[in-house]
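Below is one structure, written out as structure tokens, with a few remarks after it.
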Amino acid sequence: MCPPSWCSKGGTPRKGTAIGALTQRLDPRGFKLYPIAAPRTYEQQRPWLWRFWLKVPNRGEMILFDHSWYGRVLEERVEGTITEKAWRQAYRDIVEFERTLADDGTTILKFFFHIGRKNKERDSRRFKRTRWNRGA
């Protein structure tokens, strides 16, 4: 299980490239890729980790999340859309969640991609220039 794999704000091309580089070498029958978007209205009525719990793999399965439960304590915290009390609780929730998965025998791999501001700006400009992104 690769939960917090691709934690990149703004849909930069590097994230898709990294996912593609990993998954092209895997047998598509051997894994599932789940894009996790912002919670829908009905999902907001549930505990915030509920969307991830629904996709926890069975024994022998491998899953990848295209977004992370760490977004709660990283993105939302930086953007100021979550209170300090809430993000501190989210850290505790994450530790509990991961501990529960590990205790059940799940192997968790975490990938963190740091893209410096200079590279991100360059990639963003290049991304905006692509033909398919201009609506042409």
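Starting from 1 in every chain, residues are counted up; chains themselves are A, B, ... following the order of the structure tokens, and ligands are numbered from 1 as listed.
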Which residues come within 12 Å of A:Gly60, counting only C-alpha atoms, excluding same-chain residues fewer than 5 positions away, as a tab-separated table (two decimals) with all heavy atoms, in the first residue's frame?
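Full text of result.tsv as output:
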```tsv
chain	number	residue	atom	x	y	z
A	1	MET	N	0.85	-1.17	0.00
A	1	MET	CA	0.00	0.00	0.00
A	1	MET	C	0.89	1.22	0.00
A	1	MET	O	1.80	1.32	0.80
A	1	MET	CB	-0.87	-0.03	1.25
A	1	MET	CG	-1.76	1.14	1.37
A	1	MET	SD	-2.96	0.73	2.61
A	1	MET	CE	-3.26	2.31	3.25
A	30	GLY	N	-2.11	-6.11	-10.93
A	30	GLY	CA	-1.56	-6.28	-9.59
A	30	GLY	C	-1.69	-5.09	-8.67
A	30	GLY	O	-1.22	-5.13	-7.54
A	31	PHE	N	-2.31	-4.02	-9.12
A	31	PHE	CA	-2.46	-2.85	-8.25
A	31	PHE	C	-3.69	-2.05	-8.66
A	31	PHE	O	-4.22	-2.22	-9.75
A	31	PHE	CB	-1.22	-1.96	-8.29
A	31	PHE	CG	-1.08	-1.18	-9.59
A	31	PHE	CD1	-1.59	0.11	-9.70
A	31	PHE	CD2	-0.46	-1.75	-10.68
A	31	PHE	CE1	-1.47	0.81	-10.89
A	31	PHE	CE2	-0.34	-1.05	-11.87
A	31	PHE	CZ	-0.84	0.23	-11.97
A	32	LYS	N	-4.10	-1.20	-7.77
A	32	LYS	CA	-5.19	-0.25	-8.05
A	32	LYS	C	-4.68	1.14	-7.73
A	32	LYS	O	-3.97	1.34	-6.74
A	32	LYS	CB	-6.42	-0.55	-7.20
A	32	LYS	CG	-7.07	-1.87	-7.54
A	32	LYS	CD	-8.24	-2.15	-6.60
A	32	LYS	CE	-8.79	-3.54	-6.89
A	32	LYS	NZ	-9.68	-3.98	-5.83
A	105	GLY	N	-0.69	-6.03	9.32
A	105	GLY	CA	0.21	-6.64	8.36
A	105	GLY	C	0.38	-5.88	7.05
A	105	GLY	O	1.01	-6.36	6.12
A	106	THR	N	-0.17	-4.69	6.97
A	106	THR	CA	-0.05	-3.88	5.76
A	106	THR	C	1.32	-3.21	5.72
A	106	THR	O	1.75	-2.63	6.71
A	106	THR	CB	-1.15	-2.80	5.72
A	106	THR	OG1	-2.42	-3.43	5.78
A	106	THR	CG2	-1.06	-1.95	4.46
A	107	THR	N	1.97	-3.33	4.59
A	107	THR	CA	3.22	-2.62	4.38
A	107	THR	C	2.89	-1.26	3.78
A	107	THR	O	2.18	-1.18	2.78
A	107	THR	CB	4.14	-3.39	3.41
A	107	THR	OG1	4.41	-4.67	3.99
A	107	THR	CG2	5.44	-2.63	3.17
```
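The interatomic distance for the pair atom CA of A:His67 and atom CA of A:Val95 works out to 17.4 Å.
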### Query
Pick from A:Pro47, A:Pro57, A:Gly20, A:Pro28: nearest to A:Ile108, with only C-alpha atoms counted?
A:Pro57
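The spacing separating atom CA of A:Arg51 from atom CA of A:Ala38 amounts to 10.0 Å.
Counting only C-alpha atoms and comparing A:Glu84, A:Thr23, A:Ile94, A:Glu75, the residue that lies closest to A:Leu49 is A:Ile94.
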### Query
atom CA of A:Leu33 to atom CA of A:Leu101: how many Å, to one decimal?
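Separation between atom CA of A:Leu33 and atom CA of A:Leu101: 18.1 Å.
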